file work.pdb (PDB, C-alpha atoms and all ligand atoms)
ATOM      1  CA  MET Q   1     -48.589-150.220 -26.298  1.00  0.00           C
ATOM      2  CA  THR Q   2     -51.347-148.210 -24.721  1.00  0.00           C
ATOM      3  CA  ALA Q   3     -51.116-144.478 -25.040  1.00  0.00           C
ATOM      4  CA  GLY Q   4     -51.832-142.820 -21.700  1.00  0.00           C
ATOM      5  CA  ARG Q   5     -54.664-140.467 -21.127  1.00  0.00           C
ATOM      6  CA  LEU Q   6     -53.905-137.028 -22.559  1.00  0.00           C
ATOM      7  CA  ALA Q   7     -52.792-134.658 -19.802  1.00  0.00           C
ATOM      8  CA  LEU Q   8     -50.674-131.600 -20.590  1.00  0.00           C
ATOM      9  CA  GLU Q   9     -50.086-128.372 -18.709  1.00  0.00           C
ATOM     10  CA  VAL Q  10     -48.793-125.104 -20.014  1.00  0.00           C
ATOM     11  CA  VAL Q  11     -48.351-121.696 -18.420  1.00  0.00           C
ATOM     12  CA  THR Q  12     -48.972-118.655 -20.609  1.00  0.00           C
ATOM     13  CA  ARG Q  13     -47.807-115.160 -19.731  1.00  0.00           C
ATOM     14  CA  SER Q  14     -49.855-113.037 -22.133  1.00  0.00           C
ATOM     15  CA  PRO Q  15     -53.056-113.165 -24.167  1.00  0.00           C
ATOM     16  CA  SER Q  16     -50.990-113.770 -27.299  1.00  0.00           C
ATOM     17  CA  GLU Q  17     -49.406-116.858 -25.720  1.00  0.00           C
ATOM     18  CA  THR Q  18     -52.894-118.144 -24.939  1.00  0.00           C
ATOM     19  CA  ARG Q  19     -53.865-117.493 -28.572  1.00  0.00           C
ATOM     20  CA  GLY Q  20     -50.823-119.617 -29.390  1.00  0.00           C
ATOM     21  CA  VAL Q  21     -52.273-122.468 -27.323  1.00  0.00           C
ATOM     22  CA  GLY Q  22     -55.450-122.172 -29.397  1.00  0.00           C
ATOM     23  CA  ALA Q  23     -53.340-122.289 -32.561  1.00  0.00           C
ATOM     24  CA  ALA Q  24     -51.523-125.385 -31.269  1.00  0.00           C
ATOM     25  CA  ILE Q  25     -54.850-127.121 -30.693  1.00  0.00           C
ATOM     26  CA  ALA Q  26     -55.862-126.078 -34.212  1.00  0.00           C
ATOM     27  CA  ALA Q  27     -52.750-127.810 -35.562  1.00  0.00           C
ATOM     28  CA  VAL Q  28     -54.037-131.199 -34.372  1.00  0.00           C
ATOM     29  CA  ILE Q  29     -57.810-130.687 -34.519  1.00  0.00           C
ATOM     30  CA  ALA Q  30     -59.980-132.944 -36.658  1.00  0.00           C
ATOM     31  CA  PRO Q  31     -63.500-132.528 -38.047  1.00  0.00           C
ATOM     32  CA  GLY Q  32     -66.046-133.732 -35.494  1.00  0.00           C
ATOM     33  CA  ASP Q  33     -63.912-132.782 -32.469  1.00  0.00           C
ATOM     34  CA  VAL Q  34     -65.403-131.109 -29.403  1.00  0.00           C
ATOM     35  CA  VAL Q  35     -63.320-128.774 -27.224  1.00  0.00           C
ATOM     36  CA  LEU Q  36     -64.694-127.855 -23.790  1.00  0.00           C
ATOM     37  CA  LEU Q  37     -63.266-124.724 -22.149  1.00  0.00           C
ATOM     38  CA  SER Q  38     -63.627-124.029 -18.450  1.00  0.00           C
ATOM     39  CA  GLY Q  39     -62.369-121.307 -16.163  1.00  0.00           C
ATOM     40  CA  GLU Q  40     -63.876-118.308 -14.482  1.00  0.00           C
ATOM     41  CA  LEU Q  41     -64.904-115.066 -16.177  1.00  0.00           C
ATOM     42  CA  GLY Q  42     -61.833-113.418 -17.642  1.00  0.00           C
ATOM     43  CA  ALA Q  43     -59.770-116.623 -17.604  1.00  0.00           C
ATOM     44  CA  GLY Q  44     -59.097-116.468 -21.330  1.00  0.00           C
ATOM     45  CA  LYS Q  45     -61.572-118.903 -22.884  1.00  0.00           C
ATOM     46  CA  THR Q  46     -62.532-116.465 -25.638  1.00  0.00           C
ATOM     47  CA  VAL Q  47     -58.896-115.490 -26.222  1.00  0.00           C
ATOM     48  CA  LEU Q  48     -57.949-119.164 -26.720  1.00  0.00           C
ATOM     49  CA  THR Q  49     -60.909-119.722 -29.038  1.00  0.00           C
ATOM     50  CA  LYS Q  50     -59.915-116.725 -31.174  1.00  0.00           C
ATOM     51  CA  GLY Q  51     -56.426-118.154 -31.572  1.00  0.00           C
ATOM     52  CA  LEU Q  52     -57.859-121.512 -32.589  1.00  0.00           C
ATOM     53  CA  VAL Q  53     -60.301-120.026 -35.103  1.00  0.00           C
ATOM     54  CA  ALA Q  54     -57.699-117.667 -36.589  1.00  0.00           C
ATOM     55  CA  ALA Q  55     -55.263-120.544 -37.108  1.00  0.00           C
ATOM     56  CA  LEU Q  56     -57.946-122.410 -39.070  1.00  0.00           C
ATOM     57  CA  GLY Q  57     -58.545-119.505 -41.404  1.00  0.00           C
ATOM     58  CA  GLY Q  58     -60.961-117.557 -39.270  1.00  0.00           C
ATOM     59  CA  GLY Q  59     -63.348-115.361 -41.140  1.00  0.00           C
ATOM     60  CA  GLU Q  60     -66.402-113.451 -40.068  1.00  0.00           C
ATOM     61  CA  ALA Q  61     -68.693-115.419 -37.755  1.00  0.00           C
ATOM     62  CA  THR Q  62     -72.241-116.077 -38.752  1.00  0.00           C
ATOM     63  CA  THR Q  63     -74.620-115.949 -35.838  1.00  0.00           C
ATOM     64  CA  SER Q  64     -77.129-118.737 -35.575  1.00  0.00           C
ATOM     65  CA  PRO Q  65     -80.488-117.185 -36.450  1.00  0.00           C
ATOM     66  CA  THR Q  66     -82.225-118.537 -33.382  1.00  0.00           C
ATOM     67  CA  PHE Q  67     -79.444-118.632 -30.804  1.00  0.00           C
ATOM     68  CA  THR Q  68     -76.914-115.900 -30.270  1.00  0.00           C
ATOM     69  CA  LEU Q  69     -75.001-118.292 -28.028  1.00  0.00           C
ATOM     70  CA  CYS Q  70     -73.596-120.017 -31.118  1.00  0.00           C
ATOM     71  CA  HIS Q  71     -71.381-118.465 -33.788  1.00  0.00           C
ATOM     72  CA  VAL Q  72     -70.186-120.500 -36.745  1.00  0.00           C
ATOM     73  CA  TYR Q  73     -66.877-119.454 -38.315  1.00  0.00           C
ATOM     74  CA  PRO Q  74     -66.222-120.364 -41.975  1.00  0.00           C
ATOM     75  CA  SER Q  75     -62.786-121.733 -41.133  1.00  0.00           C
ATOM     76  CA  VAL Q  76     -61.451-125.092 -42.339  1.00  0.00           C
ATOM     77  CA  PRO Q  77     -62.891-127.060 -40.684  1.00  0.00           C
ATOM     78  CA  PRO Q  78     -65.720-124.709 -39.635  1.00  0.00           C
ATOM     79  CA  VAL Q  79     -65.788-123.881 -35.932  1.00  0.00           C
ATOM     80  CA  ALA Q  80     -69.048-123.581 -34.012  1.00  0.00           C
ATOM     81  CA  HIS Q  81     -68.233-121.403 -30.995  1.00  0.00           C
ATOM     82  CA  VAL Q  82     -70.780-121.896 -28.230  1.00  0.00           C
ATOM     83  CA  ASP Q  83     -70.985-119.976 -24.950  1.00  0.00           C
ATOM     84  CA  CYS Q  84     -72.901-121.860 -22.267  1.00  0.00           C
ATOM     85  CA  TYR Q  85     -72.485-119.143 -19.612  1.00  0.00           C
ATOM     86  CA  ARG Q  86     -76.186-118.444 -19.525  1.00  0.00           C
ATOM     87  CA  VAL Q  87     -77.362-121.939 -20.346  1.00  0.00           C
ATOM     88  CA  GLY Q  88     -79.762-123.110 -17.692  1.00  0.00           C
ATOM     89  CA  PRO Q  89     -81.253-126.542 -17.153  1.00  0.00           C
ATOM     90  CA  ALA Q  90     -84.378-125.510 -19.046  1.00  0.00           C
ATOM     91  CA  ASP Q  91     -82.493-124.389 -22.155  1.00  0.00           C
ATOM     92  CA  ASP Q  92     -82.607-126.685 -25.090  1.00  0.00           C
ATOM     93  CA  VAL Q  93     -79.068-126.763 -26.438  1.00  0.00           C
ATOM     94  CA  ALA Q  94     -80.317-129.626 -28.612  1.00  0.00           C
ATOM     95  CA  ASP Q  95     -81.915-126.941 -30.768  1.00  0.00           C
ATOM     96  CA  LEU Q  96     -78.439-125.780 -31.737  1.00  0.00           C
ATOM     97  CA  ALA Q  97     -78.086-129.060 -33.655  1.00  0.00           C
ATOM     98  CA  LEU Q  98     -74.455-129.316 -32.600  1.00  0.00           C
ATOM     99  CA  ASP Q  99     -74.488-133.048 -33.308  1.00  0.00           C
ATOM    100  CA  GLU Q 100     -75.462-132.333 -36.909  1.00  0.00           C
ATOM    101  CA  LEU Q 101     -72.712-129.722 -37.236  1.00  0.00           C
ATOM    102  CA  LEU Q 102     -70.210-132.308 -35.946  1.00  0.00           C
ATOM    103  CA  GLU Q 103     -71.468-134.925 -38.379  1.00  0.00           C
ATOM    104  CA  ASP Q 104     -71.040-132.384 -41.152  1.00  0.00           C
ATOM    105  CA  GLY Q 105     -67.367-132.040 -40.184  1.00  0.00           C
ATOM    106  CA  ALA Q 106     -67.376-128.965 -37.982  1.00  0.00           C
ATOM    107  CA  VAL Q 107     -65.434-128.527 -34.749  1.00  0.00           C
ATOM    108  CA  VAL Q 108     -67.460-127.445 -31.706  1.00  0.00           C
ATOM    109  CA  VAL Q 109     -65.760-125.240 -29.099  1.00  0.00           C
ATOM    110  CA  VAL Q 110     -67.756-124.622 -25.918  1.00  0.00           C
ATOM    111  CA  GLU Q 111     -67.046-121.949 -23.289  1.00  0.00           C
ATOM    112  CA  TRP Q 112     -68.361-122.990 -19.859  1.00  0.00           C
ATOM    113  CA  GLY Q 113     -68.168-126.491 -21.345  1.00  0.00           C
ATOM    114  CA  GLU Q 114     -69.014-128.059 -17.986  1.00  0.00           C
ATOM    115  CA  ARG Q 115     -72.517-126.607 -18.440  1.00  0.00           C
ATOM    116  CA  LEU Q 116     -73.061-128.348 -21.791  1.00  0.00           C
ATOM    117  CA  PRO Q 117     -75.935-130.742 -21.204  1.00  0.00           C
ATOM    118  CA  GLY Q 118     -75.994-134.237 -22.623  1.00  0.00           C
ATOM    119  CA  SER Q 119     -73.184-136.477 -23.781  1.00  0.00           C
ATOM    120  CA  LEU Q 120     -71.838-134.401 -26.667  1.00  0.00           C
ATOM    121  CA  GLY Q 121     -68.645-133.625 -24.760  1.00  0.00           C
ATOM    122  CA  ALA Q 122     -67.926-137.186 -23.602  1.00  0.00           C
ATOM    123  CA  ASP Q 123     -64.838-137.570 -25.830  1.00  0.00           C
ATOM    124  CA  ALA Q 124     -63.898-133.907 -25.818  1.00  0.00           C
ATOM    125  CA  LEU Q 125     -60.585-132.184 -25.322  1.00  0.00           C
ATOM    126  CA  GLU Q 126     -61.007-130.373 -22.007  1.00  0.00           C
ATOM    127  CA  CYS Q 127     -59.099-127.108 -21.524  1.00  0.00           C
ATOM    128  CA  ARG Q 128     -59.138-125.728 -18.020  1.00  0.00           C
ATOM    129  CA  ILE Q 129     -57.759-122.200 -17.655  1.00  0.00           C
ATOM    130  CA  SER Q 130     -56.899-121.055 -14.163  1.00  0.00           C
ATOM    131  CA  SER Q 131     -54.467-119.152 -12.036  1.00  0.00           C
ATOM    132  CA  PRO Q 132     -50.988-120.690 -11.681  1.00  0.00           C
ATOM    133  CA  GLY Q 133     -51.108-119.717  -8.006  1.00  0.00           C
ATOM    134  CA  ALA Q 134     -53.807-118.632  -5.641  1.00  0.00           C
ATOM    135  CA  LEU Q 135     -56.898-116.857  -6.909  1.00  0.00           C
ATOM    136  CA  PRO Q 136     -57.733-114.189  -7.965  1.00  0.00           C
ATOM    137  CA  LEU Q 137     -56.425-114.533 -11.513  1.00  0.00           C
ATOM    138  CA  PRO Q 138     -53.145-112.663 -11.915  1.00  0.00           C
ATOM    139  CA  ALA Q 139     -52.933-109.905 -14.505  1.00  0.00           C
ATOM    140  CA  ASP Q 140     -51.321-111.942 -17.241  1.00  0.00           C
ATOM    141  CA  GLU Q 141     -50.407-115.488 -16.188  1.00  0.00           C
ATOM    142  CA  ARG Q 142     -52.636-118.453 -16.824  1.00  0.00           C
ATOM    143  CA  LEU Q 143     -52.259-122.174 -16.153  1.00  0.00           C
ATOM    144  CA  ILE Q 144     -53.856-124.162 -18.962  1.00  0.00           C
ATOM    145  CA  THR Q 145     -54.451-127.884 -18.525  1.00  0.00           C
ATOM    146  CA  LEU Q 146     -55.419-129.996 -21.511  1.00  0.00           C
ATOM    147  CA  THR Q 147     -56.943-133.390 -20.751  1.00  0.00           C
ATOM    148  CA  SER Q 148     -59.158-135.937 -22.430  1.00  0.00           C
ATOM    149  CA  PRO Q 149     -60.420-139.402 -21.603  1.00  0.00           C
ATOM    150  CA  ALA Q 150     -60.650-140.222 -25.316  1.00  0.00           C
ATOM    151  CA  ALA Q 151     -58.237-142.510 -27.155  1.00  0.00           C
ATOM    152  CA  ALA Q 152     -58.516-140.210 -30.158  1.00  0.00           C
ATOM    153  CA  TRP Q 153     -56.861-137.469 -28.089  1.00  0.00           C
ATOM    154  CA  SER Q 154     -54.281-139.746 -26.402  1.00  0.00           C
ATOM    155  CA  ALA Q 155     -53.119-140.608 -29.904  1.00  0.00           C
ATOM    156  CA  ARG Q 156     -52.505-136.914 -30.591  1.00  0.00           C
ATOM    157  CA  ALA Q 157     -50.757-136.139 -27.275  1.00  0.00           C
ATOM    158  CA  ALA Q 158     -47.244-136.038 -28.716  1.00  0.00           C
ATOM    159  CA  ALA Q 159     -48.324-133.953 -31.723  1.00  0.00           C
ATOM    160  CA  LEU Q 160     -50.151-131.532 -29.453  1.00  0.00           C
ATOM    161  CA  ALA Q 161     -47.152-131.205 -27.126  1.00  0.00           C
ATOM    162  CA  ALA Q 162     -44.932-130.508 -30.139  1.00  0.00           C
ATOM    163  CA  ALA Q 163     -47.355-127.899 -31.486  1.00  0.00           C
ATOM    164  CA  LEU Q 164     -47.460-126.229 -28.073  1.00  0.00           C
ATOM    165  CA  ALA Q 165     -43.671-126.134 -27.976  1.00  0.00           C
ATOM    166  CA  ARG Q 166     -43.613-124.588 -31.475  1.00  0.00           C
ATOM    167  CA  ALA Q 167     -46.230-122.022 -30.412  1.00  0.00           C
ATOM    168  CA  GLY Q 168     -43.707-120.852 -27.877  1.00  0.00           C
ATOM    169  CA  PRO Q 169     -45.596-120.455 -24.623  1.00  0.00           C
ATOM    170  CA  GLY Q 170     -44.039-121.473 -21.332  1.00  0.00           C
ATOM    171  CA  ALA Q 171     -42.850-124.940 -20.462  1.00  0.00           C
ATOM    172  CA  VAL Q 172     -45.120-127.794 -21.496  1.00  0.00           C
ATOM    173  CA  ARG Q 173     -45.141-130.719 -19.113  1.00  0.00           C
ATOM    174  CA  PRO Q 174     -47.182-133.826 -18.538  1.00  0.00           C
ATOM    175  CA  GLY Q 175     -50.149-132.779 -16.459  1.00  0.00           C
ATOM    176  CA  GLU Q 176     -50.217-135.762 -14.160  1.00  0.00           C
ATOM    177  CA  PRO Q 177     -48.713-139.225 -13.740  1.00  0.00           C
ATOM    178  CA  GLY Q 178     -49.811-141.552 -16.517  1.00  0.00           C
ATOM    179  CA  GLY Q 179     -49.915-138.690 -18.940  1.00  0.00           C
ATOM    180  CA  GLY Q 180     -48.689-140.757 -21.848  1.00  0.00           C
ATOM    181  CA  THR Q 181     -44.929-140.756 -21.394  1.00  0.00           C
ATOM    182  CA  ALA Q 182     -44.584-144.573 -21.232  1.00  0.00           C
ATOM    183  CA  PRO Q 183     -42.919-146.114 -24.267  1.00  0.00           C
TER
HETATM  184  P1  LIG Q 201     -63.271-115.572 -20.750  1.00  0.00           P
HETATM  185  O1  LIG Q 201     -63.759-115.839 -22.146  1.00  0.00           O
HETATM  186  O2  LIG Q 201     -62.634-116.786 -20.112  1.00  0.00           O
HETATM  187  O3  LIG Q 201     -64.273-114.968 -19.861  1.00  0.00           O
HETATM  188  P2  LIG Q 201     -61.634-113.634 -22.102  1.00  0.00           P
HETATM  189  O4  LIG Q 201     -60.841-114.463 -23.042  1.00  0.00           O
HETATM  190  O5  LIG Q 201     -62.800-112.887 -22.645  1.00  0.00           O
HETATM  191  O6  LIG Q 201     -62.080-114.529 -20.848  1.00  0.00           O
HETATM  192  O7  LIG Q 201     -60.705-112.563 -21.402  1.00  0.00           O
HETATM  193  C1  LIG Q 201     -59.457-112.855 -20.836  1.00  0.00           C
HETATM  194  C2  LIG Q 201     -58.877-111.558 -20.328  1.00  0.00           C
HETATM  195  O8  LIG Q 201     -57.665-111.791 -19.626  1.00  0.00           O
HETATM  196  C3  LIG Q 201     -58.553-110.602 -21.456  1.00  0.00           C
HETATM  197  O9  LIG Q 201     -58.834-109.287 -21.008  1.00  0.00           O
HETATM  198  C4  LIG Q 201     -57.057-110.788 -21.649  1.00  0.00           C
HETATM  199  O10 LIG Q 201     -56.423-109.629 -22.164  1.00  0.00           O
HETATM  200  C5  LIG Q 201     -56.613-111.052 -20.233  1.00  0.00           C
HETATM  201  N1  LIG Q 201     -55.387-111.852 -20.108  1.00  0.00           N
HETATM  202  C6  LIG Q 201     -54.289-111.520 -19.423  1.00  0.00           C
HETATM  203  N2  LIG Q 201     -53.354-112.477 -19.482  1.00  0.00           N
HETATM  204  C7  LIG Q 201     -53.854-113.459 -20.240  1.00  0.00           C
HETATM  205  C8  LIG Q 201     -53.350-114.731 -20.654  1.00  0.00           C
HETATM  206  N3  LIG Q 201     -52.127-115.196 -20.291  1.00  0.00           N
HETATM  207  N4  LIG Q 201     -54.149-115.485 -21.420  1.00  0.00           N
HETATM  208  C9  LIG Q 201     -55.380-115.057 -21.776  1.00  0.00           C
HETATM  209  N5  LIG Q 201     -55.918-113.875 -21.410  1.00  0.00           N
HETATM  210  C10 LIG Q 201     -55.164-113.078 -20.640  1.00  0.00           C
HETATM  211 MG    MG Q 202     -65.674-115.717 -23.009  1.00  0.00          MG
END

call {"tool": "encode", "arguments": {"input": "work.pdb", "output": "structure tokens"}}
result
Amino acid sequence: MTAGRLALEVVTRSPSETRGVGAAIAAVIAPGDVVLLSGELGAGKTVLTKGLVAALGGGEATTSPTFTLCHVYPSVPPVAHVDCYRVGPADDVADLALDELLEDGAVVVVEWGERLPGSLGADALECRISSPGALPLPADERLITLTSPAAAWSARAAALAAALARAGPGAVRPGEPGGGTAP
């Protein structure tokens, strides 16, 4: 049996429901995982991250001494929260030593993940937050799609869907054909 590629969609109707999506991801996260968040300003990337970090035990973030674009939370596992909004081609994200943090068992969560240079996000869980209808973003509804090309995430698709259902946001459905529903 081959598990399909992870592809789930959920609609949230409040910031707290989006925090719940972060908590659901936290329920299945493993040390060394990378989560890439995309969506325009105000989509809810930070809200989702806060839910994820809080569910893992949160704590006060320590700011990287050299880069304010990375905060490390002493959760279990630790979460390195990176914001690539202002990362340009000339910026050396390598200096953040994210690969070393991952090897040490941290989870790396990246806002504007599509701007993360290099291959660190190749096996990541990708969370795209957008409007359920036409833009602009509505006041309180968000469409969140969770996808990954990685087998490690396909294997967790059912657990993630169950955690999302427990978290209580709107209907969870397979995001696209081949989303892992085959027996
Ligand atoms: P980003 O980090 O993507 O720029 P933020 O998480 O900082 O966005 O902000 C999201 C904003 O949208 C917050 O002001 C939040 O209160 C609001 N909001 C309204 N509805 C939702 C929702 N369903 N999910 C997340 N945020 C929402
Ligand atoms: Mg943000």

call {"tool": "residues_around", "arguments": {"input": "work.pdb", "residues": "Q:Lys50", "least_positions_apart": "5", "cutoff": "12 Å", "atoms": "all atoms listed in the file", "output": "list of chain:residue names"}}
result
Q:Pro15, Q:Ser16, Q:Glu17, Q:Thr18, Q:Arg19, Q:Gly20, Q:Val21, Q:Gly22, Q:Ala23, Q:Ile25, Q:Ala26, Q:Gly44, Q:Lys45, Q:Ala55, Q:Leu56, Q:Gly57, Q:Gly58, Q:Gly59, Q:Glu60, Q:Ala61, Q:His71, Q:Tyr73, Q:Ser75, Q:Val79, Q:Ala80, Q:His81, Q:Val109, Q:Glu111

call {"tool": "closest_atom_pairs", "arguments": {"input": "work.pdb", "of": "stretch 13-83 of chain Q", "to": "stretch 93-102 of chain Q", "cutoff": "8 Å", "atoms": "all atoms listed in the file", "output": "Markdown table"}}
result
| residue | atom | partner | partner_atom | distance |
| --- | --- | --- | --- | --- |
| Q:Pro31 | CA | Q:Leu102 | CA | 7.0 |
| Q:Gly32 | CA | Q:Leu102 | CA | 4.4 |
| Q:Asp33 | CA | Q:Leu102 | CA | 7.2 |
| Q:Phe67 | CA | Q:Leu96 | CA | 7.3 |
| Q:Cys70 | CA | Q:Leu96 | CA | 7.6 |
| Q:Ala80 | CA | Q:Leu101 | CA | 7.8 |

call {"tool": "closest_atom_pairs", "arguments": {"input": "work.pdb", "of": "chain Q", "to": "ligand MG 202 (chain Q)", "cutoff": "12 Å", "atoms": "all atoms listed in the file", "output": "JSON lines"}}
result
{"residue": "Q:Leu37", "atom": "CA", "partner": "Q:MG202", "partner_atom": "MG", "distance": 9.4}
{"residue": "Q:Ser38", "atom": "CA", "partner": "Q:MG202", "partner_atom": "MG", "distance": 9.7}
{"residue": "Q:Gly39", "atom": "CA", "partner": "Q:MG202", "partner_atom": "MG", "distance": 9.4}
{"residue": "Q:Glu40", "atom": "CA", "partner": "Q:MG202", "partner_atom": "MG", "distance": 9.1}
{"residue": "Q:Leu41", "atom": "CA", "partner": "Q:MG202", "partner_atom": "MG", "distance": 6.9}
{"residue": "Q:Gly42", "atom": "CA", "partner": "Q:MG202", "partner_atom": "MG", "distance": 7.0}
{"residue": "Q:Ala43", "atom": "CA", "partner": "Q:MG202", "partner_atom": "MG", "distance": 8.1}
{"residue": "Q:Gly44", "atom": "CA", "partner": "Q:MG202", "partner_atom": "MG", "distance": 6.8}
{"residue": "Q:Lys45", "atom": "CA", "partner": "Q:MG202", "partner_atom": "MG", "distance": 5.2}
{"residue": "Q:Thr46", "atom": "CA", "partner": "Q:MG202", "partner_atom": "MG", "distance": 4.2}
{"residue": "Q:Val47", "atom": "CA", "partner": "Q:MG202", "partner_atom": "MG", "distance": 7.5}
{"residue": "Q:Leu48", "atom": "CA", "partner": "Q:MG202", "partner_atom": "MG", "distance": 9.2}
{"residue": "Q:Thr49", "atom": "CA", "partner": "Q:MG202", "partner_atom": "MG", "distance": 8.7}
{"residue": "Q:Lys50", "atom": "CA", "partner": "Q:MG202", "partner_atom": "MG", "distance": 10.0}
{"residue": "Q:Leu69", "atom": "CA", "partner": "Q:MG202", "partner_atom": "MG", "distance": 10.9}
{"residue": "Q:His81", "atom": "CA", "partner": "Q:MG202", "partner_atom": "MG", "distance": 10.1}
{"residue": "Q:Val82", "atom": "CA", "partner": "Q:MG202", "partner_atom": "MG", "distance": 9.6}
{"residue": "Q:Asp83", "atom": "CA", "partner": "Q:MG202", "partner_atom": "MG", "distance": 7.1}
{"residue": "Q:Cys84", "atom": "CA", "partner": "Q:MG202", "partner_atom": "MG", "distance": 9.5}
{"residue": "Q:Tyr85", "atom": "CA", "partner": "Q:MG202", "partner_atom": "MG", "distance": 8.3}
{"residue": "Q:Arg86", "atom": "CA", "partner": "Q:MG202", "partner_atom": "MG", "distance": 11.4}
{"residue": "Q:Val109", "atom": "CA", "partner": "Q:MG202", "partner_atom": "MG", "distance": 11.3}
{"residue": "Q:Val110", "atom": "CA", "partner": "Q:MG202", "partner_atom": "MG", "distance": 9.6}
{"residue": "Q:Glu111", "atom": "CA", "partner": "Q:MG202", "partner_atom": "MG", "distance": 6.4}
{"residue": "Q:Trp112", "atom": "CA", "partner": "Q:MG202", "partner_atom": "MG", "distance": 8.4}
{"residue": "Q:Gly113", "atom": "CA", "partner": "Q:MG202", "partner_atom": "MG", "distance": 11.2}
{"residue": "Q:Ile129", "atom": "CA", "partner": "Q:MG202", "partner_atom": "MG", "distance": 11.5}

call {"tool": "atom_distance", "arguments": {"input": "work.pdb", "atom1": "atom CA of Q:Val10", "atom2": "atom CA of Q:Leu143"}}
result
6.0 Å

call {"tool": "atom_distance", "arguments": {"input": "work.pdb", "atom1": "atom CA of Q:Leu6", "atom2": "atom CA of Q:Ala122"}}
result
14.1 Å

call {"tool": "residues_near_point", "arguments": {"input": "work.pdb", "point": "(-43.5, -119.8, -30.3)", "cutoff": "10 Å", "atoms": "all atoms listed in the file", "output": "NGL selection string"}}
result
:Q and (17 or 20-21 or 24 or 163-170)

call {"tool": "atom_distance", "arguments": {"input": "work.pdb", "atom1": "atom CA of Q:Val87", "atom2": "atom C7 of ligand LIG 201 (chain Q)"}}
result
25.0 Å

call {"tool": "residues_around", "arguments": {"input": "work.pdb", "residues": "Q:Gly88", "least_positions_apart": "6", "cutoff": "10 Å", "atoms": "all atoms listed in the file", "output": "PyMOL selection string"}}
result
chain Q and resi 115-117

call {"tool": "resolve_selection", "arguments": {"input": "work.pdb", "expression": "the PyMOL selection byres (((chain Q and resi 147) around 6) and not hetatm)", "output": "NGL selection string"}}
result
:Q and (6-7 or 125-126 or 146 or 148)

call {"tool": "axis_aligned_box", "arguments": {"input": "work.pdb", "around": "ligand LIG 201 (chain Q)", "padding_each_side": "4 Å", "output": "AutoDock Vina command-line options"}}
result
--center_x -58.2 --center_y -113.0 --center_z -21.2 --size_x 20.1 --size_y 15.5 --size_z 11.6

call {"tool": "closest_residue", "arguments": {"input": "work.pdb", "among": "Q:Cys127, Q:Ala54, Q:Ile29, Q:Ala159", "to": "ligand LIG 201 (chain Q)", "atoms": "all atoms listed in the file"}}
result
Q:Cys127

call {"tool": "closest_residue", "arguments": {"input": "work.pdb", "among": "Q:Ala151, Q:Leu137, Q:Val28, Q:Ala161", "to": "ligand LIG 201 (chain Q)", "atoms": "all atoms listed in the file"}}
result
Q:Leu137

call {"tool": "closest_residue", "arguments": {"input": "work.pdb", "among": "Q:Leu160, Q:Val76, Q:Arg142, Q:Pro136", "to": "ligand LIG 201 (chain Q)", "atoms": "only C-alpha atoms and all ligand atoms"}}
result
Q:Arg142

call {"tool": "closest_residue", "arguments": {"input": "work.pdb", "among": "Q:Ala106, Q:Ala139, Q:Asp123, Q:Pro77", "to": "Q:Ala152", "atoms": "all atoms listed in the file"}}
result
Q:Asp123

call {"tool": "closest_residue", "arguments": {"input": "work.pdb", "among": "Q:Gly133, Q:Gly118, Q:Pro78, Q:Gly4", "to": "Q:Asp104", "atoms": "all atoms listed in the file"}}
result
Q:Pro78

call {"tool": "closest_residue", "arguments": {"input": "work.pdb", "among": "Q:Ser14, Q:Thr145, Q:Ser154, Q:Ser131", "to": "ligand LIG 201 (chain Q)", "atoms": "all atoms listed in the file"}}
result
Q:Ser14
